[in-house]
Amino acid sequence: MRTTTLGRTEVRVTELAYGAAGIGNLFRPVSDEAATAAVDAAWDAGIRTFDTAPHYGLGLSERRLGAALRDRPRDAYTVSTKVGRLLVENETAEGDDLGNGFAVPATHRRVWDFSADGVLRSLEASLRRLGLDRIDVVLLHDPDDHVEQALREAYPALERLRDEGVVGAIGVGMNQCAAPTRFLRETDIDVVLLAGRYTLLEQEGLEELLPEATARGRSVLIGGAFNSGLLIDPKPEATYDYAPVPRPVLDRALRLRAVTERHGVPLRAAALAFPSAHPAVAAVLTGARSAEEVRDTVDLHSRPIPAALWDELRAEGLLSPNTPVPQPKEPS
C-alpha cells in the first residue's frame with residue numbers, strides 16, 4: 001500500500017488508515033475478539049496507520065488498539081491519538097455513555113482541557129492505555145469552543161514535545177474548516193485531520209483549508225469520507241454529521257448514487273476514492289468494527305473507477321470543474 005510522509009516530518013502513513021472509533025463501541029457494542037480481528041484484517045491488508053482517541057469509548061478504543069498491535073514491530077506502524085479531553089473517573093459508574101455515542105459503562109466523564117498540563121496528562125494516560133512506548137502523531141481534538149486556549153497553551157506544549165523528539169508529528173482534528181485553517185496559518189502544525197468537510201458530497205475544504213495546506217507543505221488526513229454513513233446507503237433514515245439527514249442533502253446523495261450506478265460503481269467506492277486525488281491529502285481514514293468491514297473497505301479501495309464517472313458528476317453540477325479527481329486505476 002502506498003505510503004507518504006506527513007508534512008515535513010519523517011512520520012509515514014499508508015494511503016488508507018484505520019479509524020478505531022468503532023472498536024470503542026461507537027453506537028453499539030463490539031466484542032474484544034471482533035475488535036482484534038478488525039485490526040488484524042487491516043494489518044493483513046497492508047494498512048499501517050491507526051487512529052484513536054481517549055474520547056472513543058472512554059479509553060476502550062485505545063486499550064483495544066494497543067492490545068491488538070502489541071506484538072507487531074513498533075517501527076512498522078504509525079499510531080495517532082488526540083488530546084483535549086481528559087478522562088476523570090466517576091465516583092459512581094452508573095448508566096452508559098450512549099449520550100456521547102458510545103455503548104460503554106459511564107466509568108469516566110470527559111473534561112475539556114487544552115492547557116499545557118492537560119496535554120501532558122492526556123498523553124501519559126494514552127500511553128498507559130495503549131501500552132506503547134511512544135505515540136507518533138498527536139492531534140488537538142475538536143477545540144471548537146477552546147481555540148484560543150489551544151493556540152496559546154496546548155499547541156506550544158505539543159510543539160515542545162515534537163522538538164524534543166517525544167512525538168513525531170502534531171496537528172489538529174476537527175469537522176470544520178475555519179479553525180484548522182487558522183492553525184495552518186498561525187502555527188507550525190504538520191497535519192490536519194478533517195472530518196466530513198472534503199467528501200464526494202461536499203467540498204468545503206477546497207475553498208481555503210486544502211490550498212493553505214498545499215501552499216505550506218502540510219498534510220491533510222480525511223475522515224468521514226462517507227459523511228456519517230450517508231454515502232454508504234442514502235435513504236431518509238440515514239444520518240449526516242451524526243444527525244438525521246436534511247432532505248436537500250439526501251437528494252444530493254441520491255443524485256450522486258444515480259451517477260455512480262450508471263457507471264457500475266458503488267457509491268461508497270467512489271466516495272472512498274474521491275478525497276485522495278487532492279495533492280494535500282496523505283491518507284483517507286475509515287472506521288471499521290469487524291474484519292469483514294475492513295476487507296470490504298480494502299476491496300472498494302482497489303476497484304477501478306472510470307474517468308467518465310467523474311466527467312458526468314461535473315456535467316451534473318455535483319463536482320465543480322476545478323475539483324481534483326482520481327486517475328483511473330488499472331484492474332488488479
# chains A, B, ... in the order shown; residues from 1 in each chain; ligands from 1
$ residues_around --residues "A:Glu91" --least-positions-apart "4" --cutoff "12 Å" --atoms "only C-alpha atoms" --output "PyMOL selection string"
chain A and resi 106-109
$ write_last_selection --atoms "C-alpha atoms" --output "CSV table (one decimal), in the first residue's frame"
chain,number,residue,atom,x,y,z
A,106,ALA,CA,-20.1,5.5,32.2
A,107,THR,CA,-17.0,4.8,34.3
A,108,HIS,CA,-15.5,8.2,33.5
A,109,ARG,CA,-16.5,11.6,32.4
$ residues_around --residues "stretch 66-79 of chain A" --least-positions-apart "3" --cutoff "8 Å" --atoms "only C-alpha atoms" --output "PyMOL selection string"
chain A and resi 11-13+36+39-40+48-52+62-63+129-132+135-137
$ closest_residue --among "A:Ser276, A:Asn25, A:Ser31, A:Thr297" --to "A:Ile232" --atoms "only C-alpha atoms"
A:Thr297
$ closest_residue --among "A:Pro326, A:Pro248, A:Gly173, A:Pro29" --to "A:Leu221" --atoms "only C-alpha atoms"
A:Gly173
$ residues_around --residues "stretch 300-313 of chain A" --least-positions-apart "2" --cutoff "8 Å" --atoms "only C-alpha atoms" --output "list in words"
Leu256, Val259, Thr260, His263, Val265, Arg268, Ala269, Ala270, Leu272, Ala273, Asp296, Thr297, Val298, Ala315, Glu316, Gly317, Leu318, Leu319, Val325, Gln327, Pro328, Lys329, Glu330, Pro331 and Ser332 of chain A
$ closest_residue --among "A:Asn227, A:Thr81, A:Ser122, A:Asn175" --to "A:Asp144" --atoms "only C-alpha atoms"
A:Asn175
$ residues_around --residues "A:Ala21" --least-positions-apart "3" --cutoff "7 Å" --atoms "only C-alpha atoms" --output "PDB file with N, CA and C atoms, in the first residue's frame"
ATOM      1  N   GLY A  24     -14.191   1.195  19.769  1.00  0.00           N
ATOM      2  CA  GLY A  24     -14.507   1.814  21.061  1.00  0.00           C
ATOM      3  C   GLY A  24     -15.988   1.753  21.352  1.00  0.00           C
ATOM      4  N   LEU A  26     -18.558   2.457  19.233  1.00  0.00           N
ATOM      5  CA  LEU A  26     -19.321   3.563  18.686  1.00  0.00           C
ATOM      6  C   LEU A  26     -20.728   3.085  18.325  1.00  0.00           C
ATOM      7  N   THR A  52      -6.802   6.782  16.902  1.00  0.00           N
ATOM      8  CA  THR A  52      -7.676   6.563  18.051  1.00  0.00           C
ATOM      9  C   THR A  52      -7.781   7.853  18.852  1.00  0.00           C
ATOM     10  N   TYR A  56     -12.979   8.014  22.371  1.00  0.00           N
ATOM     11  CA  TYR A  56     -13.640   6.861  21.771  1.00  0.00           C
ATOM     12  C   TYR A  56     -13.833   5.747  22.801  1.00  0.00           C
ATOM     13  N   SER A  61     -11.197   2.262  23.028  1.00  0.00           N
ATOM     14  CA  SER A  61     -10.553   2.169  21.721  1.00  0.00           C
ATOM     15  C   SER A  61      -9.035   2.110  21.855  1.00  0.00           C
ATOM     16  N   GLY A 287     -13.348   4.003   9.403  1.00  0.00           N
ATOM     17  CA  GLY A 287     -13.584   3.184  10.577  1.00  0.00           C
ATOM     18  C   GLY A 287     -14.156   1.835  10.204  1.00  0.00           C
TER      19      GLY A 287
END
$ select_by_dssp --residues "stretch 41-233 of chain A" --states "strand (DSSP E or B)" --output "VMD selection string"
chain A and resid 49 to 51 78 to 83 85 to 89 96 to 97 102 to 105 108 to 112 137 to 141 169 to 174 191 to 195 219 to 223
$ closest_residue --among "A:Ile23, A:Ala215, A:Leu16, A:Val83" --to "A:Ala45" --atoms "only C-alpha atoms"
A:Leu16
$ closest_residue --among "A:Ile47, A:Val111, A:Leu200, A:Ala103" --to "A:Gly22" --atoms "only C-alpha atoms"
A:Ala103
$ atom_distance --atom1 "atom CA of A:Val220" --atom2 "atom CA of A:Gly118"
24.9 Å
$ closest_residue --among "A:Asp251, A:Glu202, A:Glu212, A:Glu237" --to "A:Ala225" --atoms "only C-alpha atoms"
A:Glu202
$ residues_around --residues "A:Ala157" --least-positions-apart "3" --cutoff "12 Å" --atoms "only C-alpha atoms" --output "PyMOL selection string"
chain A and resi 83+114-123+138-140+149-154+160-164+166-167+170-171+189
$ atom_distance --atom1 "atom CA of A:Gly196" --atom2 "atom CA of A:Glu15"
17.3 Å
$ atom_distance --atom1 "atom CA of A:Leu58" --atom2 "atom CA of A:Val104"
7.6 Å
$ residues_around --residues "A:Ala179" --least-positions-apart "4" --cutoff "9 Å" --atoms "only C-alpha atoms" --output "PDB file with C-alpha atoms, in the first residue's frame"
ATOM      1  CA  PRO A 143     -11.091  22.555  20.050  1.00  0.00           C
ATOM      2  CA  ASP A 144     -14.118  24.333  18.508  1.00  0.00           C
ATOM      3  CA  VAL A 147      -9.482  27.646  20.021  1.00  0.00           C
ATOM      4  CA  MET A 174     -11.912  18.809  13.539  1.00  0.00           C
ATOM      5  CA  PHE A 183      -3.935  26.693  12.843  1.00  0.00           C
ATOM      6  CA  LEU A 184      -2.215  26.211   9.480  1.00  0.00           C
TER       7      LEU A 184
END
$ select_by_dssp --residues "stretch 89-228 of chain A" --states "helix (DSSP H, G or I)" --output "JSON, numbers by chain"
{"A": [98, 99, 100, 116, 117, 118, 119, 120, 121, 122, 123, 124, 125, 126, 127, 128, 129, 130, 147, 148, 149, 150, 151, 152, 153, 154, 155, 156, 157, 158, 159, 160, 161, 162, 163, 178, 179, 180, 181, 182, 183, 184, 185, 186, 204, 205, 206, 209, 210, 211, 212, 213, 214, 215, 216]}
$ decode --residues "stretch 41-123 of chain A" --atoms "C-alpha atoms" --output "mmCIF file, in the first residue's frame"
data_model
loop_
_atom_site.group_PDB
_atom_site.id
_atom_site.type_symbol
_atom_site.label_atom_id
_atom_site.label_comp_id
_atom_site.auth_asym_id
_atom_site.auth_seq_id
_atom_site.Cartn_x
_atom_site.Cartn_y
_atom_site.Cartn_z
ATOM 1 C CA ALA A 41 -7.510 -7.644 8.976
ATOM 2 C CA ALA A 42 -6.288 -4.080 8.496
ATOM 3 C CA TRP A 43 -2.728 -5.226 9.096
ATOM 4 C CA ASP A 44 -3.083 -8.133 6.672
ATOM 5 C CA ALA A 45 -4.325 -5.694 4.021
ATOM 6 C CA GLY A 46 -1.221 -3.545 4.368
ATOM 7 C CA ILE A 47 -2.693 -0.761 6.494
ATOM 8 C CA ARG A 48 -0.046 0.575 8.870
ATOM 9 C CA THR A 49 -1.684 3.766 10.139
ATOM 10 C CA PHE A 50 -4.079 3.628 13.090
ATOM 11 C CA ASP A 51 -6.016 6.497 14.640
ATOM 12 C CA THR A 52 -7.676 6.563 18.051
ATOM 13 C CA ALA A 53 -8.569 8.955 20.884
ATOM 14 C CA PRO A 54 -9.416 8.908 24.603
ATOM 15 C CA HIS A 55 -12.912 10.094 23.632
ATOM 16 C CA TYR A 56 -13.640 6.861 21.771
ATOM 17 C CA GLY A 57 -15.370 4.618 24.275
ATOM 18 C CA LEU A 58 -13.850 6.379 27.305
ATOM 19 C CA GLY A 59 -10.461 4.860 26.519
ATOM 20 C CA LEU A 60 -11.718 1.487 25.270
ATOM 21 C CA SER A 61 -10.553 2.169 21.721
ATOM 22 C CA GLU A 62 -7.017 2.952 22.878
ATOM 23 C CA ARG A 63 -6.866 -0.144 25.073
ATOM 24 C CA ARG A 64 -8.100 -2.451 22.324
ATOM 25 C CA LEU A 65 -5.918 -0.931 19.623
ATOM 26 C CA GLY A 66 -2.820 -1.139 21.797
ATOM 27 C CA ALA A 67 -3.526 -4.764 22.676
ATOM 28 C CA ALA A 68 -4.035 -5.698 19.019
ATOM 29 C CA LEU A 69 -0.775 -4.037 17.971
ATOM 30 C CA ARG A 70 1.343 -5.077 20.927
ATOM 31 C CA ASP A 71 3.153 -7.952 19.223
ATOM 32 C CA ARG A 72 3.761 -6.054 15.960
ATOM 33 C CA PRO A 73 7.156 -4.472 15.228
ATOM 34 C CA ARG A 74 6.879 -0.979 16.695
ATOM 35 C CA ASP A 75 8.727 0.716 13.843
ATOM 36 C CA ALA A 76 6.385 -0.864 11.289
ATOM 37 C CA TYR A 77 3.278 1.205 12.056
ATOM 38 C CA THR A 78 2.078 4.702 12.919
ATOM 39 C CA VAL A 79 -0.354 5.488 15.743
ATOM 40 C CA SER A 80 -2.140 8.775 16.238
ATOM 41 C CA THR A 81 -4.211 9.803 19.225
ATOM 42 C CA LYS A 82 -5.677 13.029 20.471
ATOM 43 C CA VAL A 83 -5.657 15.482 23.366
ATOM 44 C CA GLY A 84 -8.183 17.940 24.714
ATOM 45 C CA ARG A 85 -10.499 15.660 26.697
ATOM 46 C CA LEU A 86 -9.243 14.270 29.981
ATOM 47 C CA LEU A 87 -10.985 11.188 31.343
ATOM 48 C CA VAL A 88 -11.905 11.628 35.003
ATOM 49 C CA GLU A 89 -13.170 8.641 36.967
ATOM 50 C CA ASN A 90 -16.792 8.763 38.077
ATOM 51 C CA GLU A 91 -17.316 8.040 41.757
ATOM 52 C CA THR A 92 -20.436 6.043 40.923
ATOM 53 C CA ALA A 93 -20.253 4.427 37.485
ATOM 54 C CA GLU A 94 -23.953 4.346 36.752
ATOM 55 C CA GLY A 95 -25.560 4.210 33.337
ATOM 56 C CA ASP A 96 -23.846 4.221 29.976
ATOM 57 C CA ASP A 97 -22.128 6.633 27.617
ATOM 58 C CA LEU A 98 -24.591 6.383 24.731
ATOM 59 C CA GLY A 99 -25.402 10.059 25.145
ATOM 60 C CA ASN A 100 -21.907 10.653 23.780
ATOM 61 C CA GLY A 101 -22.271 7.939 21.161
ATOM 62 C CA PHE A 102 -20.503 5.014 22.824
ATOM 63 C CA ALA A 103 -22.021 1.819 24.196
ATOM 64 C CA VAL A 104 -19.789 1.563 27.267
ATOM 65 C CA PRO A 105 -20.405 1.953 31.005
ATOM 66 C CA ALA A 106 -20.085 5.532 32.227
ATOM 67 C CA THR A 107 -16.999 4.767 34.309
ATOM 68 C CA HIS A 108 -15.467 8.152 33.474
ATOM 69 C CA ARG A 109 -16.505 11.607 32.392
ATOM 70 C CA ARG A 110 -14.782 13.817 29.835
ATOM 71 C CA VAL A 111 -13.304 17.132 30.964
ATOM 72 C CA TRP A 112 -12.212 19.624 28.315
ATOM 73 C CA ASP A 113 -8.624 20.697 28.922
ATOM 74 C CA PHE A 114 -6.380 22.377 26.358
ATOM 75 C CA SER A 115 -3.836 23.558 28.895
ATOM 76 C CA ALA A 116 -0.190 22.524 28.610
ATOM 77 C CA ASP A 117 -0.575 20.391 31.728
ATOM 78 C CA GLY A 118 -3.715 18.846 30.260
ATOM 79 C CA VAL A 119 -1.804 17.845 27.123
ATOM 80 C CA LEU A 120 0.895 16.094 29.157
ATOM 81 C CA ARG A 121 -1.594 14.335 31.431
ATOM 82 C CA SER A 122 -3.660 13.188 28.469
ATOM 83 C CA LEU A 123 -0.647 11.767 26.658
#
